[in-house]
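> Provided below: my_file12.txt, containing compact mmCIF, C-alpha atoms.
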```
# COMPACT_ATOMS: atom_id res chain seq x y z
CA CYS A 1 28.32 36.87 -41.40
CA ALA A 2 28.17 33.65 -39.37
CA PHE A 3 25.80 35.32 -36.91
CA MET A 4 23.43 36.36 -39.72
CA SER A 5 23.50 32.85 -41.14
CA LEU A 6 22.71 31.36 -37.72
CA GLU A 7 19.84 33.81 -37.24
CA ARG A 8 18.39 32.92 -40.69
CA ASP A 9 18.67 29.21 -39.87
CA ARG A 10 16.90 29.71 -36.55
CA ALA A 11 14.12 31.74 -38.20
CA PHE A 12 13.77 29.07 -40.89
CA ILE A 13 13.50 26.28 -38.27
CA VAL A 14 10.91 28.24 -36.27
CA LYS A 15 8.90 28.91 -39.43
CA GLN A 16 9.06 25.22 -40.35
CA GLU A 17 7.88 24.16 -36.90
CA LEU A 18 5.02 26.66 -37.00
CA ASN A 19 3.99 25.44 -40.44
CA GLN A 20 4.09 21.82 -39.25
CA LYS A 21 2.00 22.70 -36.20
CA ARG A 22 -0.50 24.60 -38.37
CA ASP A 23 -0.75 21.67 -40.80
CA TYR A 24 -1.20 19.26 -37.91
CA LEU A 25 -4.00 21.37 -36.40
CA LEU A 26 -5.74 21.67 -39.76
CA PHE A 27 -5.56 17.91 -40.07
CA VAL A 28 -6.96 17.51 -36.53
CA LYS A 29 -9.80 19.86 -37.48
CA ASP A 30 -10.60 17.64 -40.49
CA VAL A 31 -10.68 14.58 -38.23
CA PHE A 32 -13.07 16.38 -35.87
CA LYS A 33 -15.38 17.33 -38.74
CA ALA A 34 -15.38 13.71 -39.95
CA LEU A 35 -16.38 12.54 -36.46
CA ASP A 36 -19.10 15.18 -35.99
CA ASP A 37 -21.94 13.33 -37.75
CA ASP A 38 -24.68 15.86 -37.03
CA GLY A 39 -22.49 18.93 -37.57
CA ASP A 40 -23.41 20.50 -34.21
CA GLY A 41 -19.80 21.36 -33.37
CA ILE A 42 -19.47 18.81 -30.58
CA VAL A 43 -18.56 15.14 -30.62
CA ASN A 44 -19.72 12.56 -28.11
CA PHE A 45 -18.07 9.19 -27.53
CA ARG A 46 -20.78 7.31 -29.46
CA GLU A 47 -19.91 9.34 -32.56
CA VAL A 48 -16.22 8.58 -32.15
CA ASP A 49 -16.78 4.90 -31.38
CA ALA A 50 -19.08 4.48 -34.41
CA HIS A 51 -16.29 5.67 -36.71
CA LEU A 52 -13.56 3.39 -35.34
CA THR A 53 -14.46 0.62 -37.81
CA ASP A 54 -13.83 3.03 -40.70
CA PRO A 55 -10.29 2.48 -42.04
CA GLY A 56 -10.05 6.18 -42.94
CA ILE A 57 -10.74 7.27 -39.35
CA LYS A 58 -8.30 4.66 -38.05
CA ALA A 59 -5.71 6.12 -40.42
CA TYR A 60 -6.56 9.62 -39.16
CA PHE A 61 -5.92 8.58 -35.56
CA GLY A 62 -2.80 6.71 -36.64
CA ARG A 63 -1.46 9.89 -38.23
CA LEU A 64 -2.29 11.76 -35.03
CA GLY A 65 -0.17 9.21 -33.17
CA VAL A 66 -3.13 7.78 -31.24
CA ASN A 67 -3.79 4.06 -30.80
CA THR A 68 -7.51 3.43 -31.45
CA ASP A 69 -7.53 0.80 -28.69
CA GLU A 70 -7.08 3.64 -26.20
CA ILE A 71 -9.59 6.03 -27.75
CA GLU A 72 -11.94 5.94 -24.74
CA LYS A 73 -9.10 6.99 -22.43
CA LEU A 74 -8.13 9.69 -24.89
CA PHE A 75 -11.73 10.94 -25.05
CA ILE A 76 -11.88 11.19 -21.24
CA LEU A 77 -8.61 13.10 -21.16
CA MET A 78 -9.70 15.55 -23.84
CA ASP A 79 -13.04 16.24 -22.14
CA LYS A 80 -11.67 19.01 -19.90
CA ASP A 81 -15.07 20.18 -18.68
CA PHE A 82 -16.34 16.61 -17.99
CA SER A 83 -19.40 17.24 -20.16
CA GLY A 84 -19.24 13.90 -21.97
CA THR A 85 -18.66 15.73 -25.24
CA LEU A 86 -15.72 17.34 -27.01
CA THR A 87 -15.69 20.74 -28.60
CA LEU A 88 -13.37 21.45 -31.50
CA GLU A 89 -11.12 23.40 -29.11
CA GLU A 90 -10.92 20.50 -26.62
CA PHE A 91 -10.21 18.03 -29.43
CA MET A 92 -7.50 20.18 -31.00
CA SER A 93 -5.91 21.03 -27.66
CA GLY A 94 -5.98 17.39 -26.59
CA CYS A 95 -4.45 16.10 -29.82
CA LEU A 96 -1.75 18.74 -29.67
CA SER A 97 -0.84 18.08 -26.04
CA LEU A 98 -0.83 14.30 -26.52
CA LYS A 99 1.11 14.29 -29.76
CA GLY A 100 4.20 12.18 -29.46
CA GLU A 101 5.06 9.11 -27.47
CA ALA A 102 2.52 7.00 -25.64
CA LYS A 103 4.20 8.07 -22.40
CA SER A 104 2.51 11.44 -22.79
CA LEU A 105 -0.88 9.76 -22.89
CA ASP A 106 -0.08 7.70 -19.81
CA LEU A 107 1.08 10.78 -17.88
CA GLU A 108 -1.98 12.76 -18.90
CA LEU A 109 -4.22 9.87 -17.89
CA MET A 110 -2.58 9.64 -14.47
CA HIS A 111 -2.89 13.40 -14.06
CA GLN A 112 -6.59 13.27 -14.92
CA GLU A 113 -7.22 10.33 -12.58
CA LEU A 114 -5.42 12.13 -9.77
CA LYS A 115 -7.51 15.27 -10.30
CA PHE A 116 -10.66 13.12 -10.24
CA ALA A 117 -9.58 11.32 -7.05
CA ILE A 118 -8.78 14.60 -5.29
CA GLY A 119 -12.10 16.07 -6.38
CA THR A 120 -13.97 13.01 -5.14
CA LEU A 121 -12.20 13.11 -1.77
CA LEU A 122 -12.92 16.81 -1.36
CA GLU A 123 -16.56 16.22 -2.22
CA LEU A 124 -16.81 13.36 0.28
CA GLU A 125 -15.16 15.50 2.93
CA SER A 126 -17.54 18.40 2.32
CA ASN A 127 -20.58 16.09 2.46
CA MET A 128 -19.53 14.32 5.66
CA PRO A 129 -21.14 15.85 8.72
CA CYS A 130 -18.92 16.92 11.61
CA GLU A 131 -20.36 14.05 13.64
CA GLY A 132 -18.90 11.67 11.04
CA PHE A 133 -15.40 13.02 11.58
CA GLN A 134 -15.87 12.83 15.34
CA MET A 135 -17.08 9.22 15.08
CA VAL A 136 -14.10 8.22 12.91
CA ASP A 137 -11.72 9.93 15.34
CA GLU A 138 -13.31 8.13 18.32
CA LYS A 139 -13.01 4.76 16.54
CA LEU A 140 -9.34 5.42 15.78
CA GLN A 141 -8.67 6.37 19.42
CA ASN A 142 -10.54 3.26 20.58
CA MET A 143 -8.46 1.07 18.24
CA ALA A 144 -5.25 2.69 19.51
CA SER A 145 -6.32 2.03 23.12
CA HIS A 146 -7.07 -1.63 22.34
CA SER A 147 -3.78 -1.94 20.50
CA ALA A 148 -1.90 -0.61 23.53
CA GLN A 149 -3.76 -3.03 25.83
CA ILE A 150 -2.96 -5.98 23.54
CA GLU A 151 0.68 -4.91 23.38
CA GLU A 152 0.83 -4.72 27.18
CA LEU A 153 -0.79 -8.15 27.51
CA HIS A 154 1.66 -9.60 24.98
CA HIS A 155 4.58 -8.11 26.92
CA ARG A 156 3.30 -9.61 30.23
CA ILE A 157 2.84 -13.05 28.66
CA GLU A 158 6.39 -12.97 27.28
CA LYS A 159 7.75 -11.99 30.71
CA THR A 160 5.78 -14.77 32.38
CA LEU A 161 6.91 -17.36 29.83
CA ALA A 162 10.52 -16.26 30.25
CA ARG A 163 10.29 -16.97 33.99
CA LEU A 164 8.90 -20.49 33.55
CA PRO A 165 11.55 -23.20 34.06
CA LEU A 166 10.87 -25.15 30.85
CA THR A 167 13.43 -27.26 29.09
CA ARG A 168 13.49 -27.49 25.33
CA THR A 169 11.61 -30.82 25.31
CA GLU A 170 8.89 -29.70 27.69
CA SER A 171 5.80 -27.84 26.57
CA LEU A 172 3.03 -25.95 28.25
CA PRO A 173 0.23 -28.13 29.64
CA TYR A 174 -2.72 -28.56 27.29
CA HIS A 175 -6.09 -29.67 28.61
CA GLU A 176 -8.25 -31.14 25.89
CA ASN A 177 -11.48 -30.67 27.82
CA GLU A 178 -10.83 -26.93 28.14
CA CYS A 179 -9.93 -26.23 24.53
CA GLY A 180 -11.35 -27.28 21.18
CA ASP A 181 -9.54 -28.23 17.98
CA ASN A 182 -8.49 -24.67 17.29
CA GLY A 183 -6.86 -24.17 20.66
CA HIS A 184 -9.38 -21.64 22.01
CA ARG A 185 -11.13 -22.06 25.32
CA HIS A 186 -14.85 -22.84 25.18
```
Mind turning this structure into structure tokens?

Amino acid sequence: CAFMSLERDRAFIVKQELNQKRDYLLFVKDVFKALDDDGDGIVNFREVDAHLTDPGIKAYFGRLGVNTDEIEKLFILMDKDFSGTLTLEEFMSGCLSLKGEAKSLDLELMHQELKFAIGTLLELESNMPCEGFQMVDEKLQNMASHSAQIEELHHRIEKTLARLPLTRTESLPYHENECGDNGHRH
């Protein structure tokens, strides 16, 4: 008997959640239709931005759990195919995946920015000729060689200075005619 009751409760909860999700998606669809001024089935950012002064649209986004100050970020996240427009499917999917705390929006934004950065790097890599990679590699090797030479010079100077019999009050000789104000030889 207790098992049957538990099973009915679980089925009831699942049905409630499905009904809430359905109602939410129907509401999202209404928001999309309100934003789609020309009725072509796609929404661009200008259409969305033009409606943000409308208190009804602000209320729509408020009910969706979206801050209208971040609507441009949200638009970019929802635009999965980077077309500059949103289809009803993209809008509904985006609203559903971002429903909840603002942390979800932040994580999605970081994910999208990371995908963009990786794509940009891959594109740069594919467009760089082999000679470019070789040149960068040669410059890095050259820098490493100079770094090693500077390190060796620094080590020799320290050894030389350590051998000089200077007391704490003495200093190295400084010839004003050989060096300028900044201490470099002319």
> Measure the distance from atom CA of A:Leu114 to atom CA of A:Glu89 in Å and round it to one decimal.
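Here the two named atoms are 23.1 Å from each other.
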> So how far away is atom CA of A:Ala34 from atom CA of A:Gly56, in Å?
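For atom CA of A:Gly56 relative to atom CA of A:Ala34, the distance reads 9.7 Å.
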> Counting only C-alpha atoms, figure out which residue out of A:Asp30, A:Glu70, A:Asp81, A:Asp54 gets nearest to A:Gln112.
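Between A:Asp30, A:Glu70, A:Asp81, A:Asp54, the residue approaching A:Gln112 most closely is A:Asp81.
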> Take atom CA of A:Leu124 and atom CA of A:Val136 and report the distance between them in Å, one decimal.
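If I compute the distance from atom CA of A:Leu124 to atom CA of A:Val136, I get 13.9 Å.
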> I'd like the neighbourhood of A:Glu72 as a list in words, where a residue qualifies if any of its atoms comes within 9 Å (using all atoms listed in the file), though same-chain residues fewer than 4 positions away should be ignored.
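Surrounding residues, per the criterion: Phe45, Val48, Asp49, Thr68, Ile76 and Leu77 of chain A.
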> Using only C-alpha atoms, which residue out of A:Asp79, A:Asn127, A:Ile118, A:Ser145 lies closest to A:Asn44?
A:Asp79
> Which residues come within 8 Å of stretch 26-28 of chain A, counting all atoms listed in the file, excluding same-chain residues fewer than 3 positions away, as a list in words?
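Surrounding residues, per the criterion: Arg22, Asp23, Val31, Phe32, Leu64, Phe91, Met92 and Cys95 of chain A.
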